[in-house]
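See below for start39.pdb, which holds PDB, C-alpha atoms.
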```pdb
ATOM      1  CA  MET F   1     102.734  32.438  71.383
ATOM      2  CA  ALA F   2     101.288  29.772  69.112
ATOM      3  CA  GLU F   3      99.968  30.940  65.786
ATOM      4  CA  LEU F   4      96.252  30.472  65.318
ATOM      5  CA  VAL F   5      95.286  28.335  62.332
ATOM      6  CA  GLU F   6      91.976  29.067  60.681
ATOM      7  CA  GLY F   7      89.753  25.997  60.577
ATOM      8  CA  THR F   8      88.050  24.692  57.465
ATOM      9  CA  SER F   9      84.654  23.122  57.011
ATOM     10  CA  LEU F  10      83.885  19.725  55.503
ATOM     11  CA  TRP F  11      82.746  21.391  52.280
ATOM     12  CA  GLN F  12      85.914  23.500  52.017
ATOM     13  CA  ASP F  13      88.045  20.391  52.500
ATOM     14  CA  ALA F  14      85.938  18.522  49.939
ATOM     15  CA  TRP F  15      86.314  21.340  47.403
ATOM     16  CA  ARG F  16      90.094  21.377  47.882
ATOM     17  CA  ARG F  17      90.368  17.591  47.487
ATOM     18  CA  TRP F  18      88.085  17.542  44.457
ATOM     19  CA  ARG F  19      90.183  20.161  42.625
ATOM     20  CA  LYS F  20      93.182  17.808  42.984
ATOM     21  CA  HIS F  21      91.229  15.000  41.302
ATOM     22  CA  ARG F  22      92.273  15.871  37.750
ATOM     23  CA  VAL F  23      90.186  13.251  35.968
ATOM     24  CA  SER F  24      87.043  14.357  37.788
ATOM     25  CA  VAL F  25      87.712  18.036  37.077
ATOM     26  CA  ALA F  26      88.400  17.297  33.400
ATOM     27  CA  SER F  27      85.190  15.257  33.266
ATOM     28  CA  ALA F  28      83.245  18.184  34.720
ATOM     29  CA  VAL F  29      84.671  20.501  32.045
ATOM     30  CA  VAL F  30      83.811  18.077  29.227
ATOM     31  CA  LEU F  31      80.352  17.508  30.676
ATOM     32  CA  ALA F  32      79.769  21.267  30.803
ATOM     33  CA  PHE F  33      80.785  21.485  27.137
ATOM     34  CA  VAL F  34      78.329  18.712  26.201
ATOM     35  CA  ILE F  35      75.512  20.453  28.099
ATOM     36  CA  VAL F  36      76.228  23.777  26.385
ATOM     37  CA  PHE F  37      76.516  21.993  23.019
ATOM     38  CA  CYS F  38      73.068  20.427  23.465
ATOM     39  CA  ALA F  39      71.455  23.495  25.047
ATOM     40  CA  ILE F  40      72.425  26.246  22.611
ATOM     41  CA  GLY F  41      73.274  24.110  19.578
ATOM     42  CA  PRO F  42      69.786  23.733  17.987
ATOM     43  CA  PRO F  43      69.073  27.489  17.679
ATOM     44  CA  LEU F  44      72.596  28.051  16.310
ATOM     45  CA  VAL F  45      72.155  25.308  13.703
ATOM     46  CA  GLN F  46      68.794  26.766  12.729
ATOM     47  CA  ALA F  47      70.325  30.242  12.379
ATOM     48  CA  ILE F  48      73.345  29.058  10.352
ATOM     49  CA  TRP F  49      71.991  26.164   8.272
ATOM     50  CA  GLY F  50      68.231  26.546   8.725
ATOM     51  CA  TRP F  51      67.728  23.015  10.051
ATOM     52  CA  THR F  52      65.523  21.938  12.973
ATOM     53  CA  TYR F  53      65.317  18.459  14.498
ATOM     54  CA  GLU F  54      62.005  17.590  12.766
ATOM     55  CA  MET F  55      62.660  19.104   9.310
ATOM     56  CA  GLN F  56      62.807  16.509   6.531
ATOM     57  CA  ASP F  57      64.438  16.483   3.097
ATOM     58  CA  ILE F  58      63.256  13.148   1.749
ATOM     59  CA  PRO F  59      64.792  13.591  -1.744
ATOM     60  CA  LEU F  60      68.186  14.120  -0.057
ATOM     61  CA  GLY F  61      67.883  10.967   2.050
ATOM     62  CA  ALA F  62      70.793   9.690   4.118
ATOM     63  CA  VAL F  63      74.117  11.292   3.241
ATOM     64  CA  PRO F  64      77.448  11.015   5.087
ATOM     65  CA  PRO F  65      78.990  13.946   6.994
ATOM     66  CA  SER F  66      79.676  17.020   4.891
ATOM     67  CA  ALA F  67      80.188  20.779   5.273
ATOM     68  CA  GLU F  68      76.426  21.351   5.123
ATOM     69  CA  HIS F  69      75.605  18.452   7.456
ATOM     70  CA  PRO F  70      78.618  17.859   9.768
ATOM     71  CA  PHE F  71      77.053  14.708  11.280
ATOM     72  CA  GLY F  72      75.319  13.621   8.073
ATOM     73  CA  THR F  73      71.581  13.003   7.697
ATOM     74  CA  ASP F  74      69.213  10.114   8.383
ATOM     75  CA  GLN F  75      66.967   8.223   5.977
ATOM     76  CA  LEU F  76      64.385  11.034   5.993
ATOM     77  CA  GLY F  77      66.989  13.683   5.239
ATOM     78  CA  ARG F  78      66.922  15.136   8.757
ATOM     79  CA  ASP F  79      70.138  16.742   9.963
ATOM     80  CA  LEU F  80      71.764  14.345  12.429
ATOM     81  CA  MET F  81      73.745  16.988  14.306
ATOM     82  CA  VAL F  82      70.695  18.971  15.383
ATOM     83  CA  ARG F  83      68.850  15.743  16.178
ATOM     84  CA  THR F  84      71.796  14.621  18.324
ATOM     85  CA  MET F  85      71.728  17.974  20.132
ATOM     86  CA  HIS F  86      67.980  17.721  20.668
ATOM     87  CA  GLY F  87      68.348  14.106  21.784
ATOM     88  CA  GLY F  88      70.942  15.208  24.314
ATOM     89  CA  ARG F  89      68.509  17.785  25.664
ATOM     90  CA  VAL F  90      65.846  15.126  26.099
ATOM     91  CA  SER F  91      68.146  12.489  27.636
ATOM     92  CA  LEU F  92      69.757  14.931  30.071
ATOM     93  CA  LEU F  93      66.392  16.441  31.028
ATOM     94  CA  VAL F  94      64.865  13.018  31.688
ATOM     95  CA  ALA F  95      67.919  11.978  33.719
ATOM     96  CA  LEU F  96      68.001  15.174  35.806
ATOM     97  CA  VAL F  97      64.263  15.322  36.526
ATOM     98  CA  ALA F  98      63.988  11.600  37.265
ATOM     99  CA  THR F  99      67.005  11.864  39.594
ATOM    100  CA  ALA F 100      65.416  14.883  41.325
ATOM    101  CA  VAL F 101      62.209  12.881  41.855
ATOM    102  CA  SER F 102      64.253   9.956  43.160
ATOM    103  CA  LEU F 103      66.192  12.184  45.559
ATOM    104  CA  THR F 104      63.054  13.874  46.875
ATOM    105  CA  VAL F 105      61.246  10.607  47.557
ATOM    106  CA  GLY F 106      64.294   8.675  48.755
ATOM    107  CA  VAL F 107      65.629  11.331  51.145
ATOM    108  CA  THR F 108      62.194  12.012  52.658
ATOM    109  CA  TYR F 109      61.268   8.343  53.014
ATOM    110  CA  GLY F 110      64.621   7.258  54.420
ATOM    111  CA  ALA F 111      64.836  10.192  56.830
ATOM    112  CA  VAL F 112      61.323   9.636  58.228
ATOM    113  CA  SER F 113      61.943   5.893  58.555
ATOM    114  CA  GLY F 114      65.278   6.282  60.349
ATOM    115  CA  TYR F 115      64.085   9.021  62.683
ATOM    116  CA  SER F 116      60.807   7.279  63.581
ATOM    117  CA  GLY F 117      62.390   3.960  64.489
ATOM    118  CA  GLY F 118      60.497   1.048  66.010
ATOM    119  CA  ARG F 119      57.551  -0.473  64.186
ATOM    120  CA  VAL F 120      57.212   2.440  61.764
ATOM    121  CA  ASP F 121      60.803   1.978  60.628
ATOM    122  CA  ALA F 122      60.367  -1.785  60.342
ATOM    123  CA  ALA F 123      57.171  -1.470  58.279
ATOM    124  CA  MET F 124      58.656   1.155  55.955
ATOM    125  CA  MET F 125      61.799  -0.882  55.364
ATOM    126  CA  ARG F 126      59.812  -4.057  54.654
ATOM    127  CA  PHE F 127      57.990  -2.138  51.919
ATOM    128  CA  VAL F 128      61.392  -1.144  50.496
ATOM    129  CA  ASP F 129      62.490  -4.806  50.620
ATOM    130  CA  ILE F 130      59.385  -5.859  48.679
ATOM    131  CA  MET F 131      59.947  -3.155  46.057
ATOM    132  CA  MET F 132      63.629  -4.059  45.712
ATOM    133  CA  SER F 133      62.732  -7.704  45.079
ATOM    134  CA  THR F 134      60.721  -6.610  42.013
ATOM    135  CA  PRO F 135      62.765  -6.296  38.802
ATOM    136  CA  TYR F 136      63.433  -2.590  38.367
ATOM    137  CA  LEU F 137      63.130  -2.294  34.594
ATOM    138  CA  LEU F 138      60.159  -4.679  34.489
ATOM    139  CA  LEU F 139      58.233  -2.298  36.747
ATOM    140  CA  VAL F 140      59.134   0.662  34.547
ATOM    141  CA  ILE F 141      58.188  -1.217  31.366
ATOM    142  CA  VAL F 142      54.800  -2.169  32.841
ATOM    143  CA  LEU F 143      54.097   1.455  33.810
ATOM    144  CA  MET F 144      55.175   2.742  30.386
ATOM    145  CA  ALA F 145      53.134   0.094  28.530
ATOM    146  CA  VAL F 146      49.938   0.248  30.601
ATOM    147  CA  ILE F 147      49.504   4.010  31.074
ATOM    148  CA  PRO F 148      48.729   5.865  27.809
ATOM    149  CA  PRO F 149      50.946   8.960  27.323
ATOM    150  CA  SER F 150      47.935  11.120  26.385
ATOM    151  CA  SER F 151      46.457  10.668  29.868
ATOM    152  CA  VAL F 152      49.428  12.117  31.750
ATOM    153  CA  SER F 153      50.361  15.241  29.785
ATOM    154  CA  PHE F 154      51.245  18.045  32.201
ATOM    155  CA  ALA F 155      52.028  21.749  31.787
ATOM    156  CA  GLY F 156      52.282  21.403  28.026
ATOM    157  CA  LEU F 157      54.811  18.568  28.204
ATOM    158  CA  ASP F 158      54.350  15.513  26.018
ATOM    159  CA  GLY F 159      52.894  12.551  27.889
ATOM    160  CA  SER F 160      55.901  10.360  27.104
ATOM    161  CA  PHE F 161      58.128  12.858  28.933
ATOM    162  CA  VAL F 162      55.932  12.872  32.036
ATOM    163  CA  LEU F 163      55.690   9.078  32.036
ATOM    164  CA  MET F 164      59.469   8.773  31.727
ATOM    165  CA  PHE F 165      60.030  11.226  34.607
ATOM    166  CA  GLY F 166      57.595   9.434  36.883
ATOM    167  CA  ALA F 167      58.389   5.847  35.955
ATOM    168  CA  LEU F 168      62.164   6.214  36.325
ATOM    169  CA  GLY F 169      62.065   8.550  39.328
ATOM    170  CA  LEU F 170      59.487   6.731  41.416
ATOM    171  CA  VAL F 171      61.246   3.350  41.282
ATOM    172  CA  SER F 172      64.874   4.462  41.615
ATOM    173  CA  TRP F 173      64.708   5.879  45.152
ATOM    174  CA  LEU F 174      64.931   2.593  47.061
ATOM    175  CA  VAL F 175      68.718   2.400  47.493
ATOM    176  CA  LEU F 176      68.870   6.080  48.450
ATOM    177  CA  ALA F 177      66.202   5.554  51.106
ATOM    178  CA  ARG F 178      68.382   2.869  52.712
ATOM    179  CA  ILE F 179      71.464   5.110  52.550
ATOM    180  CA  VAL F 180      69.683   8.071  54.154
ATOM    181  CA  ARG F 181      68.074   5.861  56.806
ATOM    182  CA  GLY F 182      71.488   4.563  57.848
ATOM    183  CA  GLN F 183      72.851   8.098  58.066
ATOM    184  CA  VAL F 184      69.868   9.277  60.120
ATOM    185  CA  LEU F 185      70.178   6.342  62.533
ATOM    186  CA  SER F 186      73.784   7.352  63.243
ATOM    187  CA  LEU F 187      72.974  11.056  63.567
ATOM    188  CA  LYS F 188      69.774  11.142  65.615
ATOM    189  CA  ARG F 189      71.632  10.332  68.882
ATOM    190  CA  ARG F 190      74.324  12.956  68.362
ATOM    191  CA  GLU F 191      74.758  15.821  70.814
ATOM    192  CA  PHE F 192      73.406  18.572  68.548
ATOM    193  CA  VAL F 193      70.162  16.606  68.056
ATOM    194  CA  GLU F 194      69.784  16.014  71.797
ATOM    195  CA  ALA F 195      70.376  19.733  72.372
ATOM    196  CA  ALA F 196      67.661  20.625  69.853
ATOM    197  CA  ARG F 197      65.237  18.282  71.596
ATOM    198  CA  ALA F 198      66.134  19.764  74.987
ATOM    199  CA  ILE F 199      65.193  23.292  73.922
ATOM    200  CA  GLY F 200      61.865  22.114  72.508
ATOM    201  CA  VAL F 201      62.457  22.075  68.743
ATOM    202  CA  LYS F 202      59.690  20.168  66.966
ATOM    203  CA  PRO F 203      60.609  16.718  65.600
ATOM    204  CA  HIS F 204      60.019  17.577  61.935
ATOM    205  CA  LEU F 205      62.263  20.645  62.258
ATOM    206  CA  ILE F 206      64.987  18.568  63.933
ATOM    207  CA  LEU F 207      64.776  16.046  61.122
ATOM    208  CA  PHE F 208      64.762  18.332  58.094
ATOM    209  CA  ARG F 209      66.693  21.310  59.452
ATOM    210  CA  HIS F 210      69.413  19.607  61.496
ATOM    211  CA  ILE F 211      69.730  15.939  60.491
ATOM    212  CA  VAL F 212      68.986  15.799  56.743
ATOM    213  CA  PRO F 213      71.536  18.539  55.823
ATOM    214  CA  ASN F 214      74.235  16.384  57.428
ATOM    215  CA  THR F 215      73.418  13.533  55.027
ATOM    216  CA  LEU F 216      74.030  15.629  51.896
ATOM    217  CA  GLY F 217      77.518  14.231  51.257
ATOM    218  CA  PRO F 218      76.380  10.662  50.471
ATOM    219  CA  VAL F 219      73.255  12.020  48.765
ATOM    220  CA  ILE F 220      75.283  14.150  46.330
ATOM    221  CA  VAL F 221      77.550  11.217  45.510
ATOM    222  CA  TYR F 222      74.552   8.934  44.971
ATOM    223  CA  ALA F 223      72.906  11.537  42.702
ATOM    224  CA  SER F 224      76.023  11.755  40.529
ATOM    225  CA  MET F 225      75.974   7.967  40.206
ATOM    226  CA  THR F 226      72.207   7.808  39.584
ATOM    227  CA  ILE F 227      72.152  10.122  36.556
ATOM    228  CA  PRO F 228      74.162   7.724  34.326
ATOM    229  CA  GLY F 229      71.966   4.819  35.413
ATOM    230  CA  VAL F 230      68.787   6.745  34.598
ATOM    231  CA  MET F 231      70.202   7.772  31.219
ATOM    232  CA  LEU F 232      70.974   4.137  30.391
ATOM    233  CA  SER F 233      67.479   3.086  31.498
ATOM    234  CA  GLU F 234      65.924   5.783  29.309
ATOM    235  CA  ALA F 235      68.072   4.671  26.373
ATOM    236  CA  PHE F 236      67.041   1.051  26.938
ATOM    237  CA  LEU F 237      63.335   1.944  27.078
ATOM    238  CA  SER F 238      63.659   4.078  23.956
ATOM    239  CA  PHE F 239      65.531   1.198  22.300
ATOM    240  CA  LEU F 240      62.499  -1.007  23.033
ATOM    241  CA  GLY F 241      60.123   1.617  21.637
ATOM    242  CA  LEU F 242      58.644   2.479  25.058
ATOM    243  CA  GLY F 243      60.420   5.799  25.523
ATOM    244  CA  ILE F 244      60.351   9.091  23.690
ATOM    245  CA  ARG F 245      57.927   9.200  20.753
ATOM    246  CA  GLU F 246      58.579  10.605  17.260
ATOM    247  CA  PRO F 247      59.228  13.276  16.095
ATOM    248  CA  GLN F 248      61.015  13.799  19.429
ATOM    249  CA  ALA F 249      64.388  12.122  19.750
ATOM    250  CA  SER F 250      66.666  11.023  22.556
ATOM    251  CA  TRP F 251      70.103   9.473  22.448
ATOM    252  CA  GLY F 252      68.446   6.111  23.015
ATOM    253  CA  THR F 253      66.118   6.416  20.001
ATOM    254  CA  LEU F 254      68.969   7.697  17.828
ATOM    255  CA  VAL F 255      71.202   4.787  18.835
ATOM    256  CA  ASN F 256      68.330   2.418  18.088
ATOM    257  CA  GLU F 257      67.885   3.907  14.612
ATOM    258  CA  GLY F 258      71.627   3.872  13.972
ATOM    259  CA  SER F 259      72.083   0.264  15.076
ATOM    260  CA  ASN F 260      69.546  -0.876  12.490
ATOM    261  CA  ALA F 261      71.584   0.652   9.666
ATOM    262  CA  MET F 262      75.136   0.746  11.014
ATOM    263  CA  SER F 263      76.542  -1.507   8.290
ATOM    264  CA  VAL F 264      75.614   0.917   5.490
ATOM    265  CA  MET F 265      75.215   4.228   7.383
ATOM    266  CA  PRO F 266      77.628   4.039  10.347
ATOM    267  CA  TRP F 267      77.441   7.793  11.065
ATOM    268  CA  LEU F 268      73.875   7.310  12.334
ATOM    269  CA  LEU F 269      75.310   5.304  15.248
ATOM    270  CA  VAL F 270      78.777   6.807  15.691
ATOM    271  CA  PHE F 271      77.814  10.391  16.533
ATOM    272  CA  PRO F 272      74.881   9.970  18.975
ATOM    273  CA  GLY F 273      76.401   6.803  20.451
ATOM    274  CA  GLY F 274      79.808   8.458  20.867
ATOM    275  CA  LEU F 275      78.358  11.559  22.534
ATOM    276  CA  MET F 276      76.232   9.456  24.873
ATOM    277  CA  THR F 277      79.220   7.266  25.784
ATOM    278  CA  LEU F 278      81.365  10.344  26.453
ATOM    279  CA  THR F 279      78.679  11.808  28.724
ATOM    280  CA  LEU F 280      78.303   8.580  30.692
ATOM    281  CA  PHE F 281      82.073   8.290  31.168
ATOM    282  CA  CYS F 282      82.241  11.898  32.407
ATOM    283  CA  LEU F 283      79.376  11.389  34.844
ATOM    284  CA  ASN F 284      80.969   8.244  36.275
ATOM    285  CA  PHE F 285      84.390   9.898  36.670
ATOM    286  CA  LEU F 286      82.731  12.949  38.233
ATOM    287  CA  GLY F 287      80.927  10.682  40.689
ATOM    288  CA  ASP F 288      84.199   8.950  41.599
ATOM    289  CA  GLY F 289      85.820  12.307  42.300
ATOM    290  CA  LEU F 290      82.921  13.506  44.435
ATOM    291  CA  ARG F 291      82.916  10.238  46.373
ATOM    292  CA  ASP F 292      86.611  10.594  47.168
ATOM    293  CA  ALA F 293      86.277  14.292  48.031
ATOM    294  CA  LEU F 294      83.315  13.803  50.372
ATOM    295  CA  ASP F 295      84.723  10.715  52.115
ATOM    296  CA  PRO F 296      84.920  11.671  55.823
ATOM    297  CA  SER F 297      87.846   9.295  56.377
ATOM    298  CA  ALA F 298      89.948  11.342  53.902
ATOM    299  CA  ARG F 299      89.518  14.578  55.824
ATOM    300  CA  LYS F 300      92.676  15.823  57.478
ATOM    301  CA  SER F 301      92.555  16.980  61.037
TER     302      SER F 301
END
```

Translate this file's structure into structure tokens.
Amino acid sequence: MAELVEGTSLWQDAWRRWRKHRVSVASAVVLAFVIVFCAIGPPLVQAIWGWTYEMQDIPLGAVPPSAEHPFGTDQLGRDLMVRTMHGGRVSLLVALVATAVSLTVGVTYGAVSGYSGGRVDAAMMRFVDIMMSTPYLLLVIVLMAVIPPSSVSFAGLDGSFVLMFGALGLVSWLVLARIVRGQVLSLKRREFVEAARAIGVKPHLILFRHIVPNTLGPVIVYASMTIPGVMLSEAFLSFLGLGIREPQASWGTLVNEGSNAMSVMPWLLVFPGGLMTLTLFCLNFLGDGLRDALDPSARKS
């Protein structure tokens, strides 16, 4: 009598393959350390040294790394380590929220377009083509420059945060919409969708309960690749002075400040720039591992 072999799902196979991707797993561990470092670091620094990200010691000025200030201080005597931690909080928060906005808009738009088909699909995709022909960062810069931050404050958040979330999220969904549309076009004629139609399930339930969950593999991979891109865009906008406003700090603003004085105060650039570079490397390696793990062609029968 043949021995029965327990089957595995796509997600179980993906988890097993991802654990074998050592670089991706190591990147996830390092990324978790960076997140914890930025999340719980500021209160620890305040408890141990008494420094917060906005506290100034102008007579002290800029000093190199020491026991009291492990990352050194900036020109206003502010502790660079706690400012780097706070900047990491801001950069990661902007990247995560903007990516969440992008995923929400892109998945919904692409799914509706692919499932509707016909003229609706054609019209929706022509709008995407027009938006994609517009320079991405130019659109974000125009939004950030035209809309005053004070007019968009929400739930106690600074207006520059809300603008950054909206500007980056609402123009970065176009590629995802195309990806999801392609997935939906290949799924909407499958047997399980035809069966759902046959028993009278409403179209919106078929779309969001049966079809969209089957597109999550490419969506997760795209999200892991989008976060580094959003972080770089935020850093670029902050570098131009259109991002986070003082006394807030992000990795982009810190790198901008450090680049202006790197010849005489290199620590101002080395620490925030190094941590940002490490995070971007980890996110890219993590995305590579997820892409390989969720590739249907790699699944063993």

Using only C-alpha atoms, the best pick from F:Ser233, F:Val264, F:Val82, F:Pro203 as closest to Ala47 (chain F) would be F:Val82

Find the residue from F:Ala249, F:Leu168, F:Ala14, F:Ala123 that sits nearest to Leu290 (chain F); use only C-alpha atoms when measuring.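 Ranking F:Ala249, F:Leu168, F:Ala14, F:Ala123 by distance to Leu290 (chain F), first place goes to F:Ala14.
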
How many Å separate CA of Ala62 (chain F) from CA of Gln248 (chain F)?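 Distance reported for this atom pair: 18.6 Å.
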
Identify the residues within 6 Å of coordinate (68.8, 16.9, 3.2) (same frame as the file), considering only C-alpha atoms, and give the answer as a ChimeraX atom specification. /F:57,60,77

Residues at most 10 Å from region 125-133 of chain F, counting only C-alpha atoms, excluding those fewer than 6 positions away in the same chain, as number ranges by chain? F: 109-110, 113-114, 119, 139, 171-175, 177-178, 181

Taking the file above as input, evaluate the PyMOL selection byres ((chain F and resi 274-277) around 9) and report the hits as a ChimeraX atom specification. /F:34,84,88,231,251-252,269-273,278-282

So what does the PyMOL selection byres ((chain F and resi 55) around 10) actually pick up in this one, as a list of chain:residue names?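 That selection, the PyMOL selection byres ((chain F and resi 55) around 10), comes back as F:Gly50, F:Trp51, F:Thr52, F:Tyr53, F:Glu54, F:Gln56, F:Asp57, F:Ile58, F:Leu76, F:Gly77, F:Arg78, F:Asp79, F:Arg83, F:Pro247.
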
Write out the residues from the selection above, keeping C-alpha atoms, as a PDB file, keeping the file's coordinate frame.
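Below is the file that was written, out36.pdb:
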```pdb
ATOM      1  CA  GLY F  50      68.231  26.546   8.725  1.00  0.00           C
ATOM      2  CA  TRP F  51      67.728  23.015  10.051  1.00  0.00           C
ATOM      3  CA  THR F  52      65.523  21.938  12.973  1.00  0.00           C
ATOM      4  CA  TYR F  53      65.317  18.459  14.498  1.00  0.00           C
ATOM      5  CA  GLU F  54      62.005  17.590  12.766  1.00  0.00           C
ATOM      6  CA  GLN F  56      62.807  16.509   6.531  1.00  0.00           C
ATOM      7  CA  ASP F  57      64.438  16.483   3.097  1.00  0.00           C
ATOM      8  CA  ILE F  58      63.256  13.148   1.749  1.00  0.00           C
ATOM      9  CA  LEU F  76      64.385  11.034   5.993  1.00  0.00           C
ATOM     10  CA  GLY F  77      66.989  13.683   5.239  1.00  0.00           C
ATOM     11  CA  ARG F  78      66.922  15.136   8.757  1.00  0.00           C
ATOM     12  CA  ASP F  79      70.138  16.742   9.963  1.00  0.00           C
ATOM     13  CA  ARG F  83      68.850  15.743  16.178  1.00  0.00           C
ATOM     14  CA  PRO F 247      59.228  13.276  16.095  1.00  0.00           C
TER      15      PRO F 247
END
```

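As for CA of Val142 (chain F) and CA of Gly106 (chain F), they are spaced 21.5 Å apart.
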
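Applied to the file shown here, the PyMOL selection byres ((chain F and resi 72) around 8) selects the residues Ala62, Val63, Pro64, Pro65, Ser66, His69, Pro70, Phe71, Thr73, Asp74, Asp79, Leu80, Met81, Trp267 and Leu268 of chain F.
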
Could you check the closest approach to Gly289 (chain F) for each of F:Val230, F:Ile220, F:Ala261, F:Leu185 and tell me which residue wins, using all atoms listed in the file?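 Comparing F:Val230, F:Ile220, F:Ala261, F:Leu185 against Gly289 (chain F), the winner is F:Ile220.
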
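Shortest separation to Leu93 (chain F) among F:Ile35, F:Met262, F:Ile141, F:Ile40 occurs at residue F:Ile35, atoms counted being all atoms listed in the file.
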